[in-house]
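Trainee: I'd like to ask you about the structure that follows.
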Amino acid sequence: MTPRGQVLLWVAQRGSAAVLGLCVIVHLATIIVAVQGGLTGAEILARVRGSGAWLAFYSLFVAAVAVHGPIGIRTILHEMTALRRGVVDGLAVATAGLILALGFRAAWGLYGAA
Amino acid sequence: MKTAGVAARRSTAYDPDMTETLSVQVWRGSERGAFVAYSVPRRASQTVLDVVTHIQRRIDASLSYRFACRVGMCGSCAMTVNGRPRWTCRTHVDRVAKNGDLTIAPLRNLPVIKDLAVDMREFFDKWARAKGQFQPTASRRDGFAVVRPDSAARKQADAGIECIGCGVCHAACDVVAWNRDYLGPAALNRAWTLFSDTRDGGQATRLAAVAGDAGCHACHSHQSCQEHCPKHLNPTASIAGLKRAAAWAALKGQI
Ligand code: SF4
Ligand code: SF4
Ligand code: FES
């Protein structure tokens, strides 16, 4: 990867951290508000099912995690293992793919839950 | 009378709990080696470098170590003292060996040549890789450059300029240990002082040289360098400045 690409990864990790900061605040606030009257699956579904706003929010959350986490994993693997650069980059991309797939599946599942 | 006077002076200069001899473990060998124990008389105002010198002059002349100025200017005497990297000529024994035990090893993160002397080539090669040389924009025919002492750039350069190249921060940095390509705090601090030098013309190549996974963006900002720097510099802050500058340059496509 070129030095410019490496710097842009660093920028992406900082940017996604800022997005995650906001997402986590919304997420925690929602939990605190939602548990006031006890927490049930039905209540969660009533809130998120068919809601484009919540789908958009959780999609953004998932995308930010998929950017932020794997860049950190790439650094950790590089510093802590003897794996070659190409292998490390491949593992980071694979992790991003996994997070995106599982995360969107969950968000989409709640949106369209019967 | 005279002896009693000396004894009285000594007793006031000495901490009553202080031991009369130091029990010193010194690394002997190269990368492979072992600690060897020496017993060294304790003296008032004794520095760790004094202890090493005593061993070399009085006990074992084959001990290798490095020093030059003995006053904290040349940066050649750094060693690991009781587990921490320090300049030994200005580290008083009183401060680091309260119970009289000293363990002296070579600096971490650099190859050991022999005993307490490490090979500094890698360290200074990284300064060169970070474009740590001034790139002039004027010739001797031009007038003096005017850099106002109170200008932001000058203050920024001043904050990091007093580096003596001792390698203490390099030894203290875990990222240097984990990532041998990492330029390290001293080279990056040097690059930052030049980046802040309004007379320098090498900024674009310097930023490109210090950006990315082996450069400033590998720094974890855990400030071990700042904690240990004997000159109380803050390489972490210099590196943060480089990170920002290089990030903007990358976004604008300049590097
Ligand atoms: S702040 Fe950066 S340069 Fe300083 S010790 Fe930590 S990782 Fe190394
Ligand atoms: S920044 Fe401080 S610790 Fe590092 S080489 Fe310079 S003087 Fe030594
Ligand atoms: S001998 Fe010069 S800095 Fe210690």
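Each chain in the structure tokens gets a letter, A, B and so on, in the order shown; residues start at 1 in every chain, and ligands are counted from 1 in the order they appear.
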Considering only C-alpha atoms, extract the chain B residues located within 7 Å of chain A and return them as number ranges by chain.
Mentor: B: 178-179, 211-213, 217, 247, 250, 255
Trainee: Please give me, as an mmCIF file with N, CA, C and O atoms, in the first residue's frame, the residues lying within 7 Å of ligand 2 when counting only C-alpha atoms and all ligand atoms.
Mentor:
```
data_model
loop_
_atom_site.group_PDB
_atom_site.id
_atom_site.type_symbol
_atom_site.label_atom_id
_atom_site.label_comp_id
_atom_site.auth_asym_id
_atom_site.auth_seq_id
_atom_site.Cartn_x
_atom_site.Cartn_y
_atom_site.Cartn_z
ATOM 1 N N GLY B 75 24.575 13.551 24.711
ATOM 2 C CA GLY B 75 23.592 12.496 24.464
ATOM 3 C C GLY B 75 24.186 11.119 24.244
ATOM 4 O O GLY B 75 23.530 10.250 23.690
ATOM 5 N N GLU B 162 15.575 21.238 21.484
ATOM 6 C CA GLU B 162 16.694 20.969 22.400
ATOM 7 C C GLU B 162 17.077 19.493 22.472
ATOM 8 O O GLU B 162 17.767 19.074 23.392
ATOM 9 N N CYS B 163 16.639 18.703 21.535
ATOM 10 C CA CYS B 163 16.969 17.272 21.543
ATOM 11 C C CYS B 163 18.478 17.067 21.451
ATOM 12 O O CYS B 163 19.150 17.689 20.638
ATOM 13 N N ILE B 164 19.008 16.187 22.303
ATOM 14 C CA ILE B 164 20.450 15.899 22.277
ATOM 15 C C ILE B 164 20.748 14.553 21.608
ATOM 16 O O ILE B 164 21.880 14.078 21.656
ATOM 17 N N GLY B 165 19.712 13.933 21.019
ATOM 18 C CA GLY B 165 19.948 12.692 20.282
ATOM 19 C C GLY B 165 20.429 11.540 21.145
ATOM 20 O O GLY B 165 21.236 10.718 20.709
ATOM 21 N N CYS B 166 19.907 11.464 22.374
ATOM 22 C CA CYS B 166 20.417 10.454 23.306
ATOM 23 C C CYS B 166 19.830 9.070 23.068
ATOM 24 O O CYS B 166 20.384 8.070 23.522
ATOM 25 N N GLY B 167 18.679 9.000 22.405
ATOM 26 C CA GLY B 167 18.065 7.695 22.132
ATOM 27 C C GLY B 167 17.208 7.160 23.269
ATOM 28 O O GLY B 167 16.683 6.042 23.179
ATOM 29 N N VAL B 168 17.040 7.938 24.339
ATOM 30 C CA VAL B 168 16.245 7.468 25.474
ATOM 31 C C VAL B 168 14.787 7.219 25.047
ATOM 32 O O VAL B 168 14.184 6.195 25.383
ATOM 33 N N CYS B 169 14.237 8.165 24.275
ATOM 34 C CA CYS B 169 12.835 8.012 23.844
ATOM 35 C C CYS B 169 12.682 6.795 22.929
ATOM 36 O O CYS B 169 11.690 6.073 22.986
ATOM 37 N N HIS B 170 13.677 6.583 22.090
ATOM 38 C CA HIS B 170 13.658 5.451 21.152
ATOM 39 C C HIS B 170 13.615 4.139 21.938
ATOM 40 O O HIS B 170 12.912 3.197 21.573
ATOM 41 N N PRO B 185 10.325 8.240 17.970
ATOM 42 C CA PRO B 185 10.031 9.591 18.447
ATOM 43 C C PRO B 185 11.108 10.628 18.140
ATOM 44 O O PRO B 185 10.776 11.782 17.832
ATOM 45 N N ALA B 186 12.378 10.263 18.234
ATOM 46 C CA ALA B 186 13.421 11.278 18.065
ATOM 47 C C ALA B 186 13.498 11.763 16.618
ATOM 48 O O ALA B 186 13.546 12.973 16.351
ATOM 49 N N ASN B 189 10.420 13.804 15.923
ATOM 50 C CA ASN B 189 10.507 15.114 16.577
ATOM 51 C C ASN B 189 11.418 16.041 15.774
ATOM 52 O O ASN B 189 11.118 17.226 15.589
ATOM 53 N N CYS B 225 7.742 8.237 25.403
ATOM 54 C CA CYS B 225 8.879 9.061 24.977
ATOM 55 C C CYS B 225 8.952 10.342 25.810
ATOM 56 O O CYS B 225 10.008 10.729 26.306
ATOM 57 N N HIS B 228 10.021 9.817 29.477
ATOM 58 C CA HIS B 228 11.423 9.510 29.751
ATOM 59 C C HIS B 228 12.418 10.526 29.218
ATOM 60 O O HIS B 228 13.578 10.502 29.635
ATOM 61 N N CYS B 229 12.013 11.388 28.295
ATOM 62 C CA CYS B 229 12.988 12.311 27.687
ATOM 63 C C CYS B 229 13.676 13.143 28.764
ATOM 64 O O CYS B 229 13.019 13.871 29.504
ATOM 65 N N PRO B 230 15.004 13.060 28.867
ATOM 66 C CA PRO B 230 15.689 13.806 29.921
ATOM 67 C C PRO B 230 15.633 15.316 29.698
ATOM 68 O O PRO B 230 15.825 16.078 30.640
ATOM 69 N N LYS B 231 15.375 15.728 28.473
ATOM 70 C CA LYS B 231 15.272 17.164 28.186
ATOM 71 C C LYS B 231 13.837 17.664 28.330
ATOM 72 O O LYS B 231 13.538 18.800 27.963
ATOM 73 N N HIS B 232 12.974 16.799 28.804
ATOM 74 C CA HIS B 232 11.550 17.141 28.984
ATOM 75 C C HIS B 232 10.897 17.643 27.702
ATOM 76 O O HIS B 232 10.076 18.559 27.724
ATOM 77 N N LEU B 233 11.310 17.062 26.597
ATOM 78 C CA LEU B 233 10.633 17.390 25.336
ATOM 79 C C LEU B 233 9.387 16.518 25.230
ATOM 80 O O LEU B 233 9.219 15.552 25.972
ATOM 81 N N PRO B 235 7.933 14.554 22.319
ATOM 82 C CA PRO B 235 7.863 14.047 20.938
ATOM 83 C C PRO B 235 6.441 13.663 20.530
ATOM 84 O O PRO B 235 6.084 13.780 19.361
#
```
Trainee: Give the answer as one residue: which of A:Gln13, A:Gln36, A:Thr30, A:Ser59 has the shortest atom-to-atom distance to Ile71 in chain A, using only C-alpha atoms?
Mentor: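 Using only C-alpha atoms, Ile71 in chain A sits closest to A:Gln13.
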Trainee: Residues contacting ligand 1 - anything with an atom at most 10 Å away, using only C-alpha atoms and all ligand atoms - can you give me those as a ChimeraX atom specification?
Mentor: /B:169-177,182-189,215-229,234-240
Trainee: How would you write, as a short mmCIF file (atom, residue, chain, number, x, y, z; two decimals) with N, CA and C atoms, in the first residue's frame, the set of residues no farther than 6 Å from ligand 3 when counting only C-alpha atoms and all ligand atoms?
Mentor:
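What ended up in selection19.cif:
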```
data_model
loop_
_atom_site.label_atom_id
_atom_site.label_comp_id
_atom_site.auth_asym_id
_atom_site.auth_seq_id
_atom_site.Cartn_x
_atom_site.Cartn_y
_atom_site.Cartn_z
N PHE B 67 30.51 7.70 26.77
CA PHE B 67 30.15 9.01 27.32
C PHE B 67 31.09 10.03 26.69
N ALA B 68 30.76 11.30 26.82
CA ALA B 68 31.68 12.33 26.35
C ALA B 68 31.63 13.54 27.27
N CYS B 69 30.49 14.24 27.30
CA CYS B 69 30.48 15.55 27.96
C CYS B 69 30.33 15.48 29.48
N ARG B 70 29.64 14.50 30.00
CA ARG B 70 29.33 14.32 31.42
C ARG B 70 28.43 15.42 32.00
N VAL B 71 27.89 16.28 31.15
CA VAL B 71 27.03 17.35 31.67
C VAL B 71 25.69 17.42 30.94
N GLY B 72 25.27 16.32 30.31
CA GLY B 72 23.94 16.32 29.72
C GLY B 72 23.82 17.08 28.42
N MET B 73 24.89 17.11 27.63
CA MET B 73 24.79 17.83 26.36
C MET B 73 24.99 16.94 25.14
N CYS B 74 25.85 15.93 25.25
CA CYS B 74 26.23 15.20 24.04
C CYS B 74 25.26 14.07 23.71
N GLY B 75 24.57 13.55 24.71
CA GLY B 75 23.59 12.50 24.46
C GLY B 75 24.19 11.12 24.24
N SER B 76 25.43 10.90 24.69
CA SER B 76 26.04 9.60 24.37
C SER B 76 25.98 8.59 25.52
N CYS B 77 25.54 8.98 26.70
CA CYS B 77 25.71 8.12 27.88
C CYS B 77 24.45 7.36 28.28
N TRP B 87 19.64 9.17 30.92
CA TRP B 87 20.99 9.68 30.69
C TRP B 87 21.74 9.45 31.99
N THR B 88 22.87 8.75 31.93
CA THR B 88 23.49 8.33 33.19
C THR B 88 24.32 9.44 33.81
N CYS B 89 24.82 10.39 32.99
CA CYS B 89 25.69 11.42 33.57
C CYS B 89 24.91 12.39 34.44
#
```
Trainee: With a distance cut-off of 12 Å and only C-alpha atoms, select the neighbouring residues of Leu20 in chain A, excluding the residue or stretch itself and same-chain residues fewer than 2 positions from it, and output the selection as number ranges by chain.
Mentor: A: 12-18, 22-28, 57-69
Trainee: Those same residues - N, CA, C and O atoms - I'd like them written as a CSV table (one decimal), in the first residue's frame.
Mentor:
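Output (selection-v8.csv):
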```csv
chain,number,residue,atom,x,y,z
A,12,ALA,N,-9.5,7.6,7.9
A,12,ALA,CA,-10.8,6.9,8.0
A,12,ALA,C,-11.0,6.3,9.4
A,12,ALA,O,-12.2,6.3,9.8
A,13,GLN,N,-10.0,5.9,10.0
A,13,GLN,CA,-10.2,5.4,11.4
A,13,GLN,C,-10.6,6.5,12.3
A,13,GLN,O,-11.4,6.3,13.2
A,14,ARG,N,-10.0,7.7,12.2
A,14,ARG,CA,-10.4,8.8,13.1
A,14,ARG,C,-11.8,9.2,12.8
A,14,ARG,O,-12.6,9.5,13.7
A,15,GLY,N,-12.1,9.3,11.5
A,15,GLY,CA,-13.4,9.8,11.1
A,15,GLY,C,-14.5,8.8,11.6
A,15,GLY,O,-15.5,9.2,12.1
A,16,SER,N,-14.2,7.5,11.4
A,16,SER,CA,-15.2,6.5,11.8
A,16,SER,C,-15.3,6.5,13.3
A,16,SER,O,-16.4,6.2,13.9
A,17,ALA,N,-14.3,6.9,14.0
A,17,ALA,CA,-14.3,6.9,15.5
A,17,ALA,C,-15.3,8.0,15.9
A,17,ALA,O,-16.1,7.9,16.8
A,18,ALA,N,-15.2,9.2,15.2
A,18,ALA,CA,-16.2,10.3,15.5
A,18,ALA,C,-17.6,9.8,15.3
A,18,ALA,O,-18.5,10.1,16.1
A,22,LEU,N,-20.8,9.2,18.2
A,22,LEU,CA,-22.2,9.7,18.2
A,22,LEU,C,-23.2,8.5,18.3
A,22,LEU,O,-24.2,8.5,19.0
A,23,CYS,N,-22.9,7.5,17.5
A,23,CYS,CA,-23.7,6.3,17.4
A,23,CYS,C,-23.9,5.6,18.8
A,23,CYS,O,-25.0,5.2,19.2
A,24,VAL,N,-22.7,5.5,19.5
A,24,VAL,CA,-22.8,4.9,20.8
A,24,VAL,C,-23.6,5.7,21.8
A,24,VAL,O,-24.4,5.1,22.6
A,25,ILE,N,-23.5,7.0,21.7
A,25,ILE,CA,-24.3,7.9,22.6
A,25,ILE,C,-25.8,7.6,22.3
A,25,ILE,O,-26.6,7.4,23.2
A,26,VAL,N,-26.2,7.6,21.0
A,26,VAL,CA,-27.6,7.4,20.7
A,26,VAL,C,-28.0,6.0,21.1
A,26,VAL,O,-29.1,5.8,21.7
A,27,HIS,N,-27.2,5.0,20.9
A,27,HIS,CA,-27.5,3.6,21.3
A,27,HIS,C,-27.7,3.5,22.8
A,27,HIS,O,-28.7,2.9,23.2
A,28,LEU,N,-26.7,4.1,23.6
A,28,LEU,CA,-26.9,4.0,25.0
A,28,LEU,C,-28.1,4.7,25.5
A,28,LEU,O,-28.8,4.2,26.4
A,57,PHE,N,-29.9,4.5,10.8
A,57,PHE,CA,-29.0,4.6,11.9
A,57,PHE,C,-28.2,3.4,12.1
A,57,PHE,O,-26.9,3.5,12.2
A,58,TYR,N,-28.8,2.2,12.2
A,58,TYR,CA,-28.0,1.0,12.4
A,58,TYR,C,-27.1,0.7,11.2
A,58,TYR,O,-26.0,0.1,11.4
A,59,SER,N,-27.5,1.1,10.0
A,59,SER,CA,-26.6,0.9,8.8
A,59,SER,C,-25.4,1.7,9.0
A,59,SER,O,-24.2,1.3,8.7
A,60,LEU,N,-25.6,2.9,9.4
A,60,LEU,CA,-24.4,3.8,9.6
A,60,LEU,C,-23.5,3.3,10.7
A,60,LEU,O,-22.3,3.3,10.6
A,61,PHE,N,-24.1,2.8,11.8
A,61,PHE,CA,-23.4,2.2,12.9
A,61,PHE,C,-22.5,1.0,12.4
A,61,PHE,O,-21.3,1.0,12.6
A,62,VAL,N,-23.2,0.1,11.6
A,62,VAL,CA,-22.4,-1.0,11.1
A,62,VAL,C,-21.3,-0.6,10.2
A,62,VAL,O,-20.2,-1.1,10.3
A,63,ALA,N,-21.6,0.3,9.3
A,63,ALA,CA,-20.6,0.8,8.4
A,63,ALA,C,-19.4,1.4,9.1
A,63,ALA,O,-18.2,1.1,8.8
A,64,ALA,N,-19.7,2.2,10.2
A,64,ALA,CA,-18.6,2.8,11.0
A,64,ALA,C,-17.7,1.7,11.7
A,64,ALA,O,-16.5,1.8,11.7
A,65,VAL,N,-18.4,0.7,12.2
A,65,VAL,CA,-17.7,-0.4,12.9
A,65,VAL,C,-16.8,-1.1,11.9
A,65,VAL,O,-15.6,-1.5,12.1
A,66,ALA,N,-17.4,-1.3,10.7
A,66,ALA,CA,-16.7,-2.1,9.6
A,66,ALA,C,-15.4,-1.4,9.1
A,66,ALA,O,-14.5,-2.0,8.6
A,67,VAL,N,-15.5,0.0,9.2
A,67,VAL,CA,-14.3,0.8,8.8
A,67,VAL,C,-13.3,0.8,10.0
A,67,VAL,O,-12.1,0.5,9.8
A,68,HIS,N,-13.8,1.1,11.2
A,68,HIS,CA,-12.9,1.4,12.3
A,68,HIS,C,-12.2,0.1,12.8
A,68,HIS,O,-11.0,0.1,13.0
A,69,GLY,N,-12.9,-0.9,13.1
A,69,GLY,CA,-12.4,-2.1,13.7
A,69,GLY,C,-11.2,-2.8,12.9
A,69,GLY,O,-10.1,-2.9,13.4
```
Trainee: Determine the nearest neighbour of Ile104 in chain B from the options B:Val52, B:Ala245, B:Arg58, B:Trp192, counting only C-alpha atoms.
Mentor: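 Looking only at the distances to Ile104 in chain B, the closest residue turns out to be B:Val52.
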Trainee: Looking at only C-alpha atoms, which of B:Val96, B:Leu63, B:Leu49, B:Ala157 is the one that sits closest to Met79 in chain B?
Mentor: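 Looking only at the distances to Met79 in chain B, the closest residue turns out to be B:Leu49.
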Trainee: Write out as a PyMOL selection string all residues of range 2-191 of chain B that backbone DSSP assigns to alpha helix (DSSP H).
Mentor: chain B and resi 2-13+48-54+93-96+121-129+152-160+168-172+174-178+185-191
Trainee: Could you write out the selected residues, including C-alpha atoms, as a PDB file, in the first residue's frame?
Mentor:
```pdb
ATOM      1  CA  LYS B   2      40.317  16.713  61.315  1.00  0.00           C
ATOM      2  CA  THR B   3      38.964  13.200  60.863  1.00  0.00           C
ATOM      3  CA  ALA B   4      36.042  13.933  63.145  1.00  0.00           C
ATOM      4  CA  GLY B   5      35.257  17.058  61.092  1.00  0.00           C
ATOM      5  CA  VAL B   6      35.216  15.038  57.909  1.00  0.00           C
ATOM      6  CA  ALA B   7      33.074  12.409  59.570  1.00  0.00           C
ATOM      7  CA  ALA B   8      30.638  15.061  60.766  1.00  0.00           C
ATOM      8  CA  ARG B   9      30.438  16.599  57.300  1.00  0.00           C
ATOM      9  CA  ARG B  10      29.931  13.229  55.753  1.00  0.00           C
ATOM     10  CA  SER B  11      27.189  12.334  58.154  1.00  0.00           C
ATOM     11  CA  THR B  12      25.233  15.474  57.263  1.00  0.00           C
ATOM     12  CA  ALA B  13      25.781  14.964  53.534  1.00  0.00           C
ATOM     13  CA  VAL B  48      25.216   6.423  37.555  1.00  0.00           C
ATOM     14  CA  LEU B  49      27.941   7.302  35.054  1.00  0.00           C
ATOM     15  CA  ASP B  50      30.364   7.714  37.991  1.00  0.00           C
ATOM     16  CA  VAL B  51      29.467   4.182  39.071  1.00  0.00           C
ATOM     17  CA  VAL B  52      30.143   2.751  35.612  1.00  0.00           C
ATOM     18  CA  THR B  53      33.391   4.706  35.375  1.00  0.00           C
ATOM     19  CA  HIS B  54      34.485   3.393  38.780  1.00  0.00           C
ATOM     20  CA  VAL B  93      22.364   7.392  42.325  1.00  0.00           C
ATOM     21  CA  ASP B  94      20.345   8.782  45.250  1.00  0.00           C
ATOM     22  CA  ARG B  95      17.357   9.221  43.016  1.00  0.00           C
ATOM     23  CA  VAL B  96      17.298   5.759  41.460  1.00  0.00           C
ATOM     24  CA  ARG B 121      23.424   3.577  13.369  1.00  0.00           C
ATOM     25  CA  GLU B 122      19.836   2.431  13.033  1.00  0.00           C
ATOM     26  CA  PHE B 123      18.738   5.324  15.254  1.00  0.00           C
ATOM     27  CA  PHE B 124      20.468   8.009  13.193  1.00  0.00           C
ATOM     28  CA  ASP B 125      19.671   6.330   9.877  1.00  0.00           C
ATOM     29  CA  LYS B 126      16.050   6.890  10.842  1.00  0.00           C
ATOM     30  CA  TRP B 127      16.731  10.615  11.255  1.00  0.00           C
ATOM     31  CA  ALA B 128      18.063  10.589   7.687  1.00  0.00           C
ATOM     32  CA  ARG B 129      15.023   8.607   6.464  1.00  0.00           C
ATOM     33  CA  ALA B 152       3.781  30.475  16.110  1.00  0.00           C
ATOM     34  CA  ALA B 153       6.132  28.516  13.840  1.00  0.00           C
ATOM     35  CA  ARG B 154       9.215  29.539  15.792  1.00  0.00           C
ATOM     36  CA  LYS B 155       7.602  28.601  19.124  1.00  0.00           C
ATOM     37  CA  GLN B 156       6.585  25.273  17.623  1.00  0.00           C
ATOM     38  CA  ALA B 157      10.153  24.577  16.529  1.00  0.00           C
ATOM     39  CA  ASP B 158      11.531  25.779  19.874  1.00  0.00           C
ATOM     40  CA  ALA B 159       9.413  23.263  21.756  1.00  0.00           C
ATOM     41  CA  GLY B 160      11.311  20.359  20.223  1.00  0.00           C
ATOM     42  CA  VAL B 168      16.245   7.468  25.474  1.00  0.00           C
ATOM     43  CA  CYS B 169      12.835   8.012  23.844  1.00  0.00           C
ATOM     44  CA  HIS B 170      13.658   5.451  21.152  1.00  0.00           C
ATOM     45  CA  ALA B 171      14.405   2.909  23.869  1.00  0.00           C
ATOM     46  CA  ALA B 172      11.242   3.825  25.775  1.00  0.00           C
ATOM     47  CA  ASP B 174       7.035   0.143  22.531  1.00  0.00           C
ATOM     48  CA  VAL B 175       6.064   0.787  18.923  1.00  0.00           C
ATOM     49  CA  VAL B 176       9.772   0.840  18.005  1.00  0.00           C
ATOM     50  CA  ALA B 177      10.044  -2.587  19.674  1.00  0.00           C
ATOM     51  CA  TRP B 178       7.013  -3.952  17.828  1.00  0.00           C
ATOM     52  CA  PRO B 185      10.031   9.591  18.447  1.00  0.00           C
ATOM     53  CA  ALA B 186      13.421  11.278  18.065  1.00  0.00           C
ATOM     54  CA  ALA B 187      13.556  11.209  14.264  1.00  0.00           C
ATOM     55  CA  LEU B 188       9.940  12.346  14.039  1.00  0.00           C
ATOM     56  CA  ASN B 189      10.507  15.114  16.577  1.00  0.00           C
ATOM     57  CA  ARG B 190      13.417  16.268  14.437  1.00  0.00           C
ATOM     58  CA  ALA B 191      11.245  16.209  11.322  1.00  0.00           C
TER      59      ALA B 191
END
```
Trainee: When you look at range 40-45 of chain A with a cut-off of 12 Å (counting only C-alpha atoms), what residues show up, excluding the ones that are within fewer than 6 positions of it in the same chain? I need them as a ChimeraX atom specification.
Mentor: /A:30-31,33-34,51,54,107,109-114
